[in-house]
Structures are given as structure tokens and as C-alpha cells.
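Novice: As input, take structure_9.csv (CSV, C-alpha atoms):
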```csv
chain,number,residue,atom,x,y,z
B,21,MET,CA,96.1,135.8,71.9
B,22,ILE,CA,96.9,138.4,74.6
B,23,PRO,CA,95.2,137.5,77.9
B,24,ASP,CA,92.8,140.1,79.1
B,25,ASP,CA,91.8,140.9,82.7
B,26,LEU,CA,89.3,138.1,82.9
B,27,GLU,CA,91.8,135.5,81.7
B,28,ARG,CA,94.4,136.7,84.1
B,29,ALA,CA,91.9,136.6,86.9
B,30,LEU,CA,90.9,133.0,86.0
B,31,ALA,CA,94.6,131.9,85.9
B,32,ARG,CA,95.4,133.7,89.1
B,33,THR,CA,92.5,132.7,91.2
B,34,ALA,CA,92.0,129.1,90.2
B,35,PRO,CA,91.5,127.0,93.3
B,36,ASP,CA,94.8,125.9,94.8
B,37,PRO,CA,95.6,122.2,95.1
B,38,ASP,CA,94.7,121.0,98.6
B,39,PRO,CA,97.0,118.0,99.1
B,40,GLU,CA,95.5,117.2,102.6
B,41,ALA,CA,92.0,117.0,101.3
B,42,ALA,CA,93.1,115.1,98.3
B,43,ALA,CA,95.0,112.6,100.4
B,44,ALA,CA,92.0,112.2,102.8
B,45,ALA,CA,89.6,111.7,99.9
B,46,THR,CA,92.0,109.1,98.5
B,47,ARG,CA,92.1,107.2,101.8
B,48,ARG,CA,88.4,107.1,102.0
B,49,ALA,CA,88.0,105.9,98.4
B,50,ALA,CA,90.6,103.3,98.9
B,51,GLU,CA,89.0,101.9,102.0
B,52,ARG,CA,85.6,101.8,100.2
B,53,ALA,CA,87.2,100.1,97.2
B,54,GLY,CA,88.8,97.5,99.6
B,55,ALA,CA,85.5,96.9,101.4
B,56,SER,CA,83.3,96.6,98.3
B,57,GLY,CA,85.7,94.2,96.5
B,58,ALA,CA,86.4,96.7,93.6
B,59,ALA,CA,90.1,96.4,94.6
B,60,ASP,CA,91.6,93.0,93.9
B,61,VAL,CA,94.5,93.5,96.3
B,62,ALA,CA,94.4,95.5,99.5
B,63,TYR,CA,97.5,96.2,101.5
B,64,ALA,CA,98.7,97.9,104.6
B,65,ILE,CA,102.0,98.4,106.5
B,66,GLU,CA,101.8,96.8,110.0
B,67,PRO,CA,104.4,97.3,112.6
B,68,SER,CA,105.6,94.2,114.5
B,69,PRO,CA,108.5,93.2,116.8
B,70,LEU,CA,110.2,92.0,113.6
B,71,GLY,CA,110.0,95.3,111.9
B,72,ASP,CA,107.3,96.7,109.6
B,73,LEU,CA,105.4,94.1,107.6
B,74,LEU,CA,103.7,94.6,104.3
B,75,VAL,CA,100.5,92.6,104.5
B,76,ALA,CA,98.5,91.9,101.4
B,77,THR,CA,95.1,90.4,101.0
B,78,THR,CA,92.8,89.4,98.2
B,79,GLN,CA,89.1,88.6,98.1
B,80,ARG,CA,90.1,85.0,98.9
B,81,GLY,CA,92.3,85.8,101.9
B,82,LEU,CA,95.8,86.6,103.1
B,83,VAL,CA,98.1,86.4,100.1
B,84,GLY,CA,101.4,87.8,101.3
B,85,ILE,CA,103.5,89.1,104.2
B,86,TYR,CA,106.8,90.7,103.5
B,87,TYR,CA,109.5,91.8,105.9
B,88,GLU,CA,110.6,95.4,105.5
B,89,ASP,CA,114.0,94.3,104.1
B,90,ALA,CA,112.5,92.0,101.4
B,91,GLY,CA,112.6,94.8,98.9
B,92,THR,CA,111.4,98.4,98.6
B,93,LEU,CA,107.7,98.9,99.0
B,94,GLU,CA,107.7,100.0,95.3
B,95,THR,CA,109.2,96.8,94.0
B,96,LEU,CA,107.0,94.6,96.2
B,97,LEU,CA,103.8,96.3,95.1
B,98,ASP,CA,105.0,96.2,91.5
B,99,ARG,CA,105.3,92.4,91.8
B,100,LEU,CA,101.9,92.0,93.5
B,101,ALA,CA,100.4,94.1,90.6
B,102,GLY,CA,102.2,92.0,88.0
B,103,ARG,CA,101.4,88.6,89.6
B,104,LEU,CA,97.9,89.2,90.9
B,105,SER,CA,96.2,92.3,89.5
B,106,PRO,CA,97.0,95.9,89.0
B,107,ARG,CA,93.9,96.8,91.1
B,108,VAL,CA,96.1,97.3,94.2
B,109,VAL,CA,95.0,99.8,96.9
B,110,GLU,CA,96.1,100.7,100.3
B,111,ALA,CA,93.2,99.7,102.6
B,112,PRO,CA,94.2,99.2,106.2
B,113,ALA,CA,90.7,98.4,107.4
B,114,ARG,CA,90.5,95.5,104.9
B,115,VAL,CA,93.7,94.1,106.4
B,116,ASP,CA,92.5,94.6,110.0
B,117,PRO,CA,91.7,90.9,110.8
B,118,VAL,CA,95.2,89.9,109.8
B,119,ARG,CA,96.7,92.7,111.9
B,120,ARG,CA,94.7,91.7,114.9
B,121,GLU,CA,95.8,88.0,114.7
B,122,LEU,CA,99.4,89.0,114.2
B,123,ASP,CA,99.3,91.3,117.2
B,124,GLU,CA,97.8,88.5,119.4
B,125,TYR,CA,100.4,86.0,118.1
B,126,PHE,CA,103.3,88.4,118.9
B,127,ALA,CA,101.7,89.0,122.4
B,128,GLY,CA,101.7,85.2,122.9
B,129,THR,CA,97.9,85.0,123.3
B,130,ARG,CA,97.3,83.3,119.9
B,131,THR,CA,98.7,79.9,119.0
B,132,LYS,CA,96.7,79.3,115.8
B,133,PHE,CA,95.8,81.6,113.0
B,134,ASP,CA,92.3,81.7,111.9
B,135,LEU,CA,92.7,83.4,108.5
B,136,PRO,CA,91.6,82.3,105.1
B,137,LEU,CA,94.7,82.0,102.9
B,138,ASP,CA,95.1,82.7,99.2
B,139,TRP,CA,97.8,80.4,97.8
B,140,SER,CA,97.9,82.2,94.4
B,141,LEU,CA,101.5,83.2,94.7
B,142,THR,CA,102.6,79.6,95.0
B,143,GLU,CA,102.3,76.6,92.7
B,144,GLY,CA,103.2,72.9,92.4
B,145,PHE,CA,105.7,71.4,94.8
B,146,THR,CA,106.2,74.7,96.6
B,147,ARG,CA,102.5,74.9,97.3
B,148,ARG,CA,102.4,71.3,98.6
B,149,VAL,CA,105.4,71.9,100.9
B,150,LEU,CA,103.8,75.1,102.3
B,151,LYS,CA,100.5,73.5,102.8
B,152,ALA,CA,102.2,70.7,104.8
B,153,THR,CA,104.1,73.4,106.7
B,154,ALA,CA,100.9,75.2,107.6
B,155,ARG,CA,99.9,72.1,109.6
B,156,ILE,CA,102.9,72.1,112.0
B,157,PRO,CA,101.4,73.1,115.3
B,158,TYR,CA,102.5,76.1,117.4
B,159,GLY,CA,105.6,75.4,119.4
B,160,GLY,CA,106.3,72.3,117.3
B,161,ALA,CA,109.0,71.6,114.8
B,162,SER,CA,109.6,69.5,111.7
B,163,THR,CA,112.4,68.9,109.2
B,164,TYR,CA,113.0,69.7,105.5
B,165,ARG,CA,113.0,66.0,104.8
B,166,GLU,CA,109.7,65.5,106.4
B,167,MET,CA,108.1,68.4,104.5
B,168,ALA,CA,109.6,67.0,101.2
B,169,SER,CA,108.1,63.6,102.0
B,170,ARG,CA,104.6,65.1,102.8
B,171,ALA,CA,104.8,67.0,99.5
B,172,GLY,CA,105.3,63.7,97.7
B,173,SER,CA,109.1,63.4,97.1
B,174,GLU,CA,111.0,62.1,100.1
B,175,ARG,CA,114.4,62.8,98.6
B,176,ALA,CA,113.7,66.5,97.7
B,177,ALA,CA,114.8,67.9,101.1
B,178,ARG,CA,116.8,70.6,99.4
B,179,ALA,CA,114.0,71.6,97.1
B,180,ALA,CA,111.7,71.7,100.1
B,181,GLY,CA,114.2,74.2,101.7
B,182,ASN,CA,113.9,76.4,98.6
B,183,ALA,CA,110.2,76.2,98.7
B,184,LEU,CA,110.2,77.3,102.3
B,185,GLY,CA,112.6,80.1,101.5
B,186,ALA,CA,110.0,81.2,98.9
B,187,ASN,CA,107.1,81.2,101.4
B,188,PRO,CA,105.0,84.3,100.5
B,189,ILE,CA,103.1,84.1,103.8
B,190,PRO,CA,105.8,83.7,106.6
B,191,ILE,CA,104.8,83.7,110.2
B,192,VAL,CA,101.2,82.6,109.4
B,193,VAL,CA,102.5,79.7,107.3
B,194,PRO,CA,105.1,78.8,109.9
B,195,CYS,CA,108.2,77.9,107.8
B,196,HIS,CA,110.2,78.9,110.9
B,197,ARG,CA,109.2,75.6,112.5
B,198,VAL,CA,111.1,73.6,109.9
B,199,LEU,CA,114.6,72.7,111.0
B,200,ARG,CA,117.5,70.6,109.8
B,201,THR,CA,117.5,66.9,110.6
B,202,GLY,CA,119.4,66.8,113.9
B,203,GLY,CA,118.0,70.2,115.1
B,204,ALA,CA,120.2,72.8,113.5
B,205,LEU,CA,118.3,76.0,112.7
B,206,GLY,CA,118.7,76.0,108.9
B,207,GLY,CA,117.9,79.0,106.8
B,208,TYR,CA,115.0,81.5,106.8
B,209,GLY,CA,113.7,83.8,104.1
B,210,GLY,CA,113.6,86.7,106.5
B,211,GLY,CA,117.0,86.0,108.1
B,212,VAL,CA,118.0,83.5,110.7
B,213,GLN,CA,117.7,86.0,113.6
B,214,ARG,CA,114.0,86.3,112.8
B,215,LYS,CA,113.6,82.5,112.8
B,216,ARG,CA,115.2,82.3,116.2
B,217,PHE,CA,113.0,85.1,117.5
B,218,LEU,CA,109.8,83.3,116.4
B,219,LEU,CA,111.0,79.9,117.8
B,220,GLU,CA,111.9,81.4,121.1
B,221,LEU,CA,108.6,83.3,121.3
B,222,GLU,CA,106.7,80.0,120.8
B,223,ASP,CA,109.0,78.1,123.0
B,224,ALA,CA,108.5,80.5,125.9
B,225,LYS,CA,104.8,80.2,125.6
B,226,THR,CA,104.6,76.4,125.4
B,227,ARG,CA,107.0,75.7,128.2
F,10,MET,CA,116.5,92.2,98.4
F,11,SER,CA,117.2,88.8,99.9
F,12,ALA,CA,117.6,85.7,97.8
F,13,ALA,CA,114.5,84.2,99.3
F,14,SER,CA,112.2,87.0,98.3
F,15,ARG,CA,113.6,86.9,94.7
F,16,THR,CA,112.6,83.3,94.4
F,17,ALA,CA,109.2,84.0,96.0
F,18,TRP,CA,108.0,85.3,92.6
F,19,PRO,CA,107.9,82.9,89.8
F,20,ARG,CA,109.0,84.8,86.7
F,21,ARG,CA,106.5,86.1,84.3
F,22,SER,CA,106.8,87.0,80.6
F,23,SER,CA,108.5,90.3,80.4
F,24,GLY,CA,105.4,92.2,79.1
F,25,VAL,CA,105.1,95.7,80.5
F,26,ASN,CA,102.9,95.6,83.5
F,27,LEU,CA,100.7,98.4,84.8
F,28,PRO,CA,101.9,99.9,88.1
F,29,PRO,CA,99.8,99.3,91.2
F,30,PHE,CA,96.7,101.5,91.0
F,31,GLN,CA,97.5,103.1,94.3
F,32,ARG,CA,100.7,104.6,92.9
F,33,VAL,CA,98.9,106.1,89.9
F,34,LEU,CA,96.4,107.7,92.1
F,35,ASP,CA,98.9,109.0,94.6
F,36,GLU,CA,100.7,110.6,91.7
F,37,HIS,CA,97.6,112.3,90.3
F,38,ARG,CA,95.2,112.7,93.2
F,39,ASP,CA,96.0,116.4,93.8
F,40,ASP,CA,95.3,117.3,90.1
F,41,VAL,CA,92.1,115.3,90.1
F,42,HIS,CA,90.9,116.7,93.3
F,43,ARG,CA,91.7,120.3,92.3
F,44,PHE,CA,90.0,119.8,89.0
F,45,LEU,CA,86.8,118.6,90.8
F,46,MET,CA,86.9,121.4,93.3
F,47,ALA,CA,86.9,123.9,90.5
F,48,THR,CA,84.4,122.2,88.2
F,49,ALA,CA,82.0,120.5,90.6
F,50,GLY,CA,82.4,122.9,93.5
F,51,PRO,CA,83.5,122.2,97.1
F,52,ASN,CA,80.1,120.6,98.0
F,53,GLU,CA,80.2,118.0,95.3
F,54,ALA,CA,84.0,117.5,94.9
F,55,ASP,CA,84.4,114.7,97.4
F,56,ASP,CA,81.6,112.6,96.1
F,57,ALA,CA,82.7,113.1,92.6
F,58,PHE,CA,86.3,112.1,93.6
F,59,GLN,CA,85.0,108.9,95.2
F,60,GLU,CA,83.1,108.1,92.0
F,61,THR,CA,86.1,108.9,89.9
F,62,PHE,CA,88.3,106.7,92.0
F,63,ILE,CA,86.0,103.6,91.8
F,64,ALA,CA,85.3,104.0,88.0
F,65,ALA,CA,89.0,104.4,87.3
F,66,LEU,CA,89.9,101.4,89.5
F,67,ARG,CA,87.4,99.3,87.6
F,68,ALA,CA,88.6,100.3,84.2
F,69,TYR,CA,92.3,100.3,85.1
F,70,PRO,CA,93.4,96.8,83.9
F,71,ARG,CA,92.2,97.7,80.4
F,72,LEU,CA,94.4,100.9,80.3
F,73,ARG,CA,97.3,100.6,77.9
F,74,PRO,CA,100.6,101.0,79.8
F,75,ASP,CA,101.7,103.9,77.5
F,76,SER,CA,98.5,105.9,78.0
F,77,ASN,CA,98.4,109.5,79.2
F,78,VAL,CA,97.2,108.6,82.7
F,79,ARG,CA,96.5,112.1,83.9
F,80,GLY,CA,94.4,112.8,80.8
F,81,TRP,CA,92.6,109.5,81.4
F,82,LEU,CA,91.8,110.3,85.0
F,83,LEU,CA,90.7,113.8,84.1
F,84,THR,CA,88.4,112.4,81.5
F,85,ILE,CA,86.7,110.2,84.1
F,86,ALA,CA,86.6,113.0,86.6
F,87,HIS,CA,85.0,115.3,83.9
F,88,ARG,CA,82.2,112.7,83.4
F,89,LYS,CA,81.7,112.3,87.1
F,90,ALA,CA,81.5,116.1,87.5
F,91,ILE,CA,78.8,116.2,84.9
F,92,ASP,CA,76.9,113.5,86.7
F,93,ALA,CA,77.2,115.5,90.0
F,94,HIS,CA,76.1,118.7,88.3
F,95,ARG,CA,73.1,117.0,86.7
F,96,ALA,CA,72.1,115.4,90.0
F,97,ARG,CA,72.4,118.8,91.7
F,98,GLY,CA,70.3,120.3,88.9
F,99,ARG,CA,67.6,117.7,89.7
F,100,ARG,CA,67.6,118.8,93.3
F,101,ALA,CA,67.0,122.3,92.0
F,102,VAL,CA,69.3,124.2,94.3
F,103,PRO,CA,70.6,127.3,92.6
F,104,VAL,CA,74.2,126.9,91.9
F,105,ALA,CA,75.3,130.4,92.7
F,106,GLU,CA,73.5,130.3,96.0
F,107,MET,CA,75.1,127.1,97.2
F,108,ASP,CA,78.6,128.4,96.3
F,109,ARG,CA,78.4,131.8,97.8
F,110,GLY,CA,79.0,130.3,101.2
F,111,GLY,CA,82.3,132.2,101.2
F,112,ALA,CA,83.8,131.9,104.7
F,113,GLU,CA,82.1,128.6,105.7
F,114,ASP,CA,83.2,127.0,102.5
F,115,PRO,CA,86.7,125.7,103.3
F,116,GLY,CA,87.0,124.5,99.7
F,117,LEU,CA,87.0,128.0,98.3
F,118,ARG,CA,90.2,129.1,100.1
F,119,GLY,CA,92.1,128.9,96.9
F,120,ALA,CA,89.6,131.0,95.1
F,121,GLY,CA,89.4,133.4,98.0
F,122,GLU,CA,89.8,136.4,95.8
F,123,GLN,CA,87.1,135.7,93.3
F,124,PRO,CA,84.7,133.1,94.7
F,125,GLU,CA,81.9,134.6,92.6
F,126,LEU,CA,83.9,134.3,89.4
F,127,TRP,CA,84.3,130.6,90.0
F,128,ALA,CA,80.7,130.2,91.0
F,129,ARG,CA,79.8,131.7,87.7
F,130,VAL,CA,82.2,129.4,86.0
F,131,ARG,CA,80.4,126.4,87.6
F,132,ALA,CA,77.1,127.9,86.4
F,133,LEU,CA,78.2,127.7,82.7
F,134,PRO,CA,76.9,125.0,80.4
F,135,GLU,CA,78.8,121.7,80.6
F,136,LYS,CA,81.3,122.0,77.8
F,137,GLN,CA,82.1,125.7,78.4
F,138,ARG,CA,82.6,125.0,82.1
F,139,ALA,CA,84.9,122.1,81.3
F,140,ALA,CA,86.9,124.2,78.7
F,141,VAL,CA,87.5,126.9,81.3
F,142,VAL,CA,88.6,124.6,84.1
F,143,LEU,CA,90.7,122.3,81.9
F,144,ARG,CA,92.5,125.4,80.6
F,145,TYR,CA,93.0,127.5,83.8
F,146,VAL,CA,93.0,124.8,86.5
F,147,ALA,CA,94.4,121.7,84.8
F,148,ASP,CA,96.6,123.8,82.4
F,149,LEU,CA,95.8,121.7,79.4
F,150,SER,CA,96.2,122.6,75.7
F,151,HIS,CA,93.2,122.9,73.5
F,152,ALA,CA,94.0,119.5,72.0
F,153,GLU,CA,94.3,117.8,75.4
F,154,ALA,CA,91.1,119.5,76.7
F,155,ALA,CA,89.3,118.3,73.5
F,156,GLU,CA,90.3,114.7,74.3
F,157,VAL,CA,89.0,115.0,77.9
F,158,ILE,CA,85.7,116.6,76.8
F,159,GLY,CA,85.4,114.2,73.9
F,160,CYS,CA,85.1,116.7,71.1
F,161,SER,CA,87.3,118.2,68.3
F,162,GLU,CA,90.0,120.7,69.1
F,163,ALA,CA,88.1,123.3,67.2
F,164,ALA,CA,85.0,122.7,69.3
F,165,ALA,CA,87.1,122.9,72.5
F,166,ARG,CA,88.5,126.2,71.3
F,167,ARG,CA,85.0,127.5,70.5
F,168,SER,CA,83.6,126.4,73.9
F,169,LEU,CA,86.4,128.3,75.7
F,170,HIS,CA,85.7,131.3,73.6
F,171,GLU,CA,82.0,131.2,74.3
F,172,ALA,CA,82.6,130.8,78.0
F,173,LEU,CA,84.9,133.8,78.2
F,174,THR,CA,82.4,135.9,76.2
F,175,LYS,CA,79.7,134.9,78.6
F,176,LEU,CA,81.7,135.6,81.7
F,177,ARG,CA,82.7,139.0,80.3
F,178,LYS,CA,79.1,139.9,79.5
F,179,ASP,CA,78.0,138.9,83.0
F,180,GLU,CA,80.8,140.8,84.7
F,181,THR,CA,79.6,143.6,87.0
F,182,PRO,CA,81.8,146.6,86.9
```
Mind turning the file's structure into C-alpha cells?
Specialist:
Amino acid sequence: MIPDDLERALARTAPDPDPEAAAAATRRAAERAGASGAADVAYAIEPSPLGDLLVATTQRGLVGIYYEDAGTLETLLDRLAGRLSPRVVEAPARVDPVRRELDEYFAGTRTKFDLPLDWSLTEGFTRRVLKATARIPYGGASTYREMASRAGSERAARAAGNALGANPIPIVVPCHRVLRTGGALGGYGGGVQRKRFLLELEDAKTR
Amino acid sequence: MSAASRTAWPRRSSGVNLPPFQRVLDEHRDDVHRFLMATAGPNEADDAFQETFIAALRAYPRLRPDSNVRGWLLTIAHRKAIDAHRARGRRAVPVAEMDRGGAEDPGLRGAGEQPELWARVRALPEKQRAAVVLRYVADLSHAEAAEVIGCSEAAARRSLHEALTKLRKDETP
């Protein structure tokens, strides 16, 4: 069929895409989805002294914090979608309470996080170790052996170390406060320099 | 990727997972928005976009990973545009009058040359309007358009033909 004037006019004058308006409409819709609970996972990128953090929350609470070098945003979001739900949206307002407490923590004005936690990304022994870790107070320290013992297997210090390395909610679940017996720093999922930074931050404020 | 973050994720069966919804939307939001601008008009496009987003998000986990995602989103957008159109009809505001805002309608920039033509497109009956917009804005084939509208390919073809005939008849020289 040969296009006539009308068809040419329709093809030529069709409204152009408006990427800015589309992006703004998407942001509004994502925030609404986050607020109404239609989204199962809301996330935001939050800057911090330790680099950008990917912060993810569910209806239950804070479910994950990832350092910027833990993987590309794409792979991290893929995993959240696979493990939790594909209903994942970027909704910074939903993540605001976490951001506020993290800001206060890094400013040294908060010594205890008051956030509901969602433990869905952990299970079994790992979850028990992390829950014990969550009770170590600000400025305090414990050992891998002690955490293993609190999780029910005194001799599983190495396994406790692995569990802490797999902590999906670092900083808030303070795995940086777990040291080697004898006081050596030990490892850290986000790198030992970040562990040192967090310990020094807390040390300076409790002195 | 550090060793620690690899172990942070207990392995799952290797079934194909849906990508995070945000990525799907980021990929197709321009197309969906543009489609709604053309079919629902600048005054209704944003609301229809919000409704489309929420409906798609709710249905998303049931989508088969090998589906045509763009077609799926346009199908939802098409239904939301119809809802918006009917709601507007109930408010009894003449379509053409609302859309002839011209300069103060930022949404009509793209159709700057022929805002009246597109206002007349929006005044067409549902199926005809969809056929025109899916063809000339979304650039779909008759078969793809039929799937979005939910009719046979022949019916989609007919709707487009009827639409063009009507637009020609109304044309002022």
C-alpha cells in the first residue's frame, strides 16, 4: 500500500518521545509503588564516607546494604529480584529512614540503629551468628569464637567467620565489631580498610 | 565482586529469573509514555502512566521470562488509556476542545505541526484510535497491534482502514 498524504502526516507528526517527562513519571510511580506496598523491594543509592551504598528494604524492614564494589548495580539487583521478588523498584523516599540513621551514625551522633530488619537473605547458622552480632554494642568488640558459641556451636569459629563475611546488612548488623581472639582485625566482607574505618569511628566517639 | 558478597547469596535453582521490574520499566518507559501521550493526550498521559506502572508491577511476577515485554506493557497501557478516555467522557469535556490548548500544552510539542490531526485521532472510537497510534507511534505491525488491542489481525487492519477513511473524510482542505 502506498502511503498517502494523511499517512505520511501521521508518521511524521507523531508525538516525539519525551525522555525527561517519562523519567519523571517513572520516578513518581516508583515512589508511589514503594509507599503503597505494591513493590516488594525498594532500593536507593546512598552516598556515605565508605562510598556509595546500595540500600534495599522490604515491607518487613532493611534487607540489604551493599558496598559499591560488591558487584555492579545490575548484578546486585538481579540477585535481589531472584532471591526476594522481581517487584523491585527504585524508591528513595521509602529508604529515607535508613539513610537518615546511616547519616547520623557516620556523623557520630547515633550509637544504636532503630530499624526493623528483614533477615530473609540469611538462614540457619548464618542467621544465628548475625543475630548475635547485632547485639554487640557500639564501640564494643567480640570474637569469632564467641559468636560461634552464641550461635550454638562453640568450635565453629571459622564457620562464624564465613557467616559474618556473608552479612547482607553490614554496618547496621555490626560484623565489623567481631575480631580475632587476641585482638587482630580479621577479615571483612567490604575490605579490611572499611572495618578499620568503622572501628576507629566508634572508638573516637566512645573515648 | 568480592568473595564475601558471592557467599552472601545462597544459590538457587538455575531457573530463569525475571529481571528487576525497575530495569524493565527503564528500558520501555519512553515508549509507554509516548504511546500514552498520543492516545490519551497530554492531560491524561501522566495518570494513565501511573496506572499502567502499578498494574504492570502487580502482574509482573506472573509474566513468562520469554514474553514480549514491550507488547505486554503497551497492552496494559492501551487498557489504561481506554479507562482514562471513558472517565473523561463521563466528565463530558469535549475532547477536541481540551486538546486544542496548543501553546500551553507542553505535551504537544512533538505534534507541533499537526496538533489538530492528533486531537482528531484521539476523538476516534477506541479500536480505531488504538490502531492508528500503535501503527504510527509505536510502529507495530498489524499482528502486533492486534495482540495489544486483543482482536484478530484482520480486525486490526480493518480498524486502521476505517480510522484513515474517517480522518480523510473529516479533513478540511
Novice: CA of Ala147 in chain F and CA of Ala128 in chain F are how many Å apart?
Specialist: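 These atoms are spaced 17.3 Å apart.
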Novice: Between chain B and chain F, at 9 Å or less, what are the per-residue closest atom pairs and their distances in Å? Count all atoms listed in the file, order by chain and rising residue number, and return it as a Markdown table.
Specialist:
```
| residue | atom | partner | partner_atom | distance |
| --- | --- | --- | --- | --- |
| B:Leu26 | CA | F:Arg177 | CA | 7.2 |
| B:Glu27 | CA | F:Leu173 | CA | 7.9 |
| B:Ala29 | CA | F:Gln123 | CA | 8.1 |
| B:Leu30 | CA | F:Tyr145 | CA | 6.3 |
| B:Ala31 | CA | F:Tyr145 | CA | 5.1 |
| B:Arg32 | CA | F:Tyr145 | CA | 8.5 |
| B:Thr33 | CA | F:Ala120 | CA | 5.1 |
| B:Ala34 | CA | F:Val146 | CA | 5.8 |
| B:Pro35 | CA | F:Gly119 | CA | 4.1 |
| B:Asp36 | CA | F:Gly119 | CA | 4.5 |
| B:Pro37 | CA | F:Arg43 | CA | 5.2 |
| B:Asp38 | CA | F:Asp39 | CA | 6.8 |
| B:Pro39 | CA | F:Asp39 | CA | 5.6 |
| B:Glu40 | CA | F:Asp39 | CA | 8.9 |
| B:Ala41 | CA | F:His42 | CA | 8.1 |
| B:Ala42 | CA | F:Asp39 | CA | 5.5 |
| B:Ala43 | CA | F:Arg38 | CA | 7.2 |
| B:Ala45 | CA | F:Asp55 | CA | 6.5 |
| B:Thr46 | CA | F:Arg38 | CA | 7.2 |
| B:Arg48 | CA | F:Gln59 | CA | 7.8 |
| B:Ala49 | CA | F:Gln59 | CA | 5.3 |
| B:Ala50 | CA | F:Phe62 | CA | 8.0 |
| B:Arg52 | CA | F:Ile63 | CA | 8.6 |
| B:Ala53 | CA | F:Ile63 | CA | 6.5 |
| B:Ala58 | CA | F:Arg67 | CA | 6.6 |
| B:Ala59 | CA | F:Leu66 | CA | 7.1 |
| B:Tyr86 | CA | F:Ser14 | CA | 8.4 |
| B:Asp89 | CA | F:Met10 | CA | 6.6 |
| B:Ala90 | CA | F:Met10 | CA | 5.0 |
| B:Gly91 | CA | F:Met10 | CA | 4.7 |
| B:Thr92 | CA | F:Met10 | CA | 8.0 |
| B:Glu94 | CA | F:Arg32 | CA | 8.7 |
| B:Leu97 | CA | F:Pro29 | CA | 6.3 |
| B:Asp98 | CA | F:Pro28 | CA | 5.9 |
| B:Arg99 | CA | F:Trp18 | CA | 7.6 |
| B:Leu100 | CA | F:Pro29 | CA | 7.9 |
| B:Ala101 | CA | F:Pro29 | CA | 5.3 |
| B:Gly102 | CA | F:Asn26 | CA | 5.8 |
| B:Arg103 | CA | F:Arg21 | CA | 7.8 |
| B:Ser105 | CA | F:Pro70 | CA | 7.7 |
| B:Pro106 | CA | F:Pro29 | CA | 4.9 |
| B:Arg107 | CA | F:Phe30 | CA | 5.5 |
| B:Val108 | CA | F:Pro29 | CA | 5.2 |
| B:Val109 | CA | F:Gln31 | CA | 4.9 |
| B:Glu110 | CA | F:Gln31 | CA | 6.6 |
| B:Leu141 | CA | F:Trp18 | CA | 7.1 |
| B:Thr142 | CA | F:Ala17 | CA | 8.0 |
| B:Glu143 | CA | F:Pro19 | CA | 8.9 |
| B:Asn182 | CA | F:Ala13 | CA | 7.9 |
| B:Ala183 | CA | F:Ala17 | CA | 8.3 |
| B:Leu184 | CA | F:Ala13 | CA | 8.7 |
| B:Gly185 | CA | F:Ala13 | CA | 5.0 |
| B:Ala186 | CA | F:Ala17 | CA | 4.1 |
| B:Asn187 | CA | F:Ala17 | CA | 6.4 |
| B:Pro188 | CA | F:Ala17 | CA | 6.2 |
| B:Tyr208 | CA | F:Ala13 | CA | 8.0 |
| B:Gly209 | CA | F:Ala13 | CA | 4.9 |
| B:Gly210 | CA | F:Ala13 | CA | 7.7 |
| B:Gly211 | CA | F:Ser11 | CA | 8.7 |
```
Novice: Select, counting all atoms listed in the file, all protein, DNA and RNA residues no farther than 12 Å from (97.3, 84.1, 107.6) in file coordinates, and express the selection as a PyMOL selection string.
Specialist: chain B and resi 75-78+80-85+115-122+125+132-139+154+187-194
Novice: Would you kindly return, as a PyMOL selection string, each protein, DNA or RNA residue with an atom no farther than 12 Å from any atom of Ala154 in chain F, considering all atoms listed in the file and excluding same-chain residues fewer than 3 positions away?
Specialist: chain F and resi 79-81+83-84+87+136-151+157-169
Novice: Put those residues in a file: C-alpha atoms, as an mmCIF file, keeping the file's coordinate frame.
Specialist:
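Output below, filename again.cif:
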```
data_model
loop_
_atom_site.group_PDB
_atom_site.id
_atom_site.type_symbol
_atom_site.label_atom_id
_atom_site.label_comp_id
_atom_site.auth_asym_id
_atom_site.auth_seq_id
_atom_site.Cartn_x
_atom_site.Cartn_y
_atom_site.Cartn_z
ATOM 1 C CA ARG F 79 96.500 112.100 83.900
ATOM 2 C CA GLY F 80 94.400 112.800 80.800
ATOM 3 C CA TRP F 81 92.600 109.500 81.400
ATOM 4 C CA LEU F 83 90.700 113.800 84.100
ATOM 5 C CA THR F 84 88.400 112.400 81.500
ATOM 6 C CA HIS F 87 85.000 115.300 83.900
ATOM 7 C CA LYS F 136 81.300 122.000 77.800
ATOM 8 C CA GLN F 137 82.100 125.700 78.400
ATOM 9 C CA ARG F 138 82.600 125.000 82.100
ATOM 10 C CA ALA F 139 84.900 122.100 81.300
ATOM 11 C CA ALA F 140 86.900 124.200 78.700
ATOM 12 C CA VAL F 141 87.500 126.900 81.300
ATOM 13 C CA VAL F 142 88.600 124.600 84.100
ATOM 14 C CA LEU F 143 90.700 122.300 81.900
ATOM 15 C CA ARG F 144 92.500 125.400 80.600
ATOM 16 C CA TYR F 145 93.000 127.500 83.800
ATOM 17 C CA VAL F 146 93.000 124.800 86.500
ATOM 18 C CA ALA F 147 94.400 121.700 84.800
ATOM 19 C CA ASP F 148 96.600 123.800 82.400
ATOM 20 C CA LEU F 149 95.800 121.700 79.400
ATOM 21 C CA SER F 150 96.200 122.600 75.700
ATOM 22 C CA HIS F 151 93.200 122.900 73.500
ATOM 23 C CA VAL F 157 89.000 115.000 77.900
ATOM 24 C CA ILE F 158 85.700 116.600 76.800
ATOM 25 C CA GLY F 159 85.400 114.200 73.900
ATOM 26 C CA CYS F 160 85.100 116.700 71.100
ATOM 27 C CA SER F 161 87.300 118.200 68.300
ATOM 28 C CA GLU F 162 90.000 120.700 69.100
ATOM 29 C CA ALA F 163 88.100 123.300 67.200
ATOM 30 C CA ALA F 164 85.000 122.700 69.300
ATOM 31 C CA ALA F 165 87.100 122.900 72.500
ATOM 32 C CA ARG F 166 88.500 126.200 71.300
ATOM 33 C CA ARG F 167 85.000 127.500 70.500
ATOM 34 C CA SER F 168 83.600 126.400 73.900
ATOM 35 C CA LEU F 169 86.400 128.300 75.700
#
```
Novice: For Gly159 in chain B, which residue among B:Arg214, B:Arg200, B:Arg130, B:Arg28 is the nearest when counting only C-alpha atoms?
Specialist: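 So, comparing all the options, the nearest one is B:Arg130.
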Novice: Between CA of Arg147 in chain B and CA of Leu104 in chain B, what is the spacing in Å?
Specialist: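 One can read the CA of Leu104 in chain B to CA of Arg147 in chain B distance as 16.3 Å.
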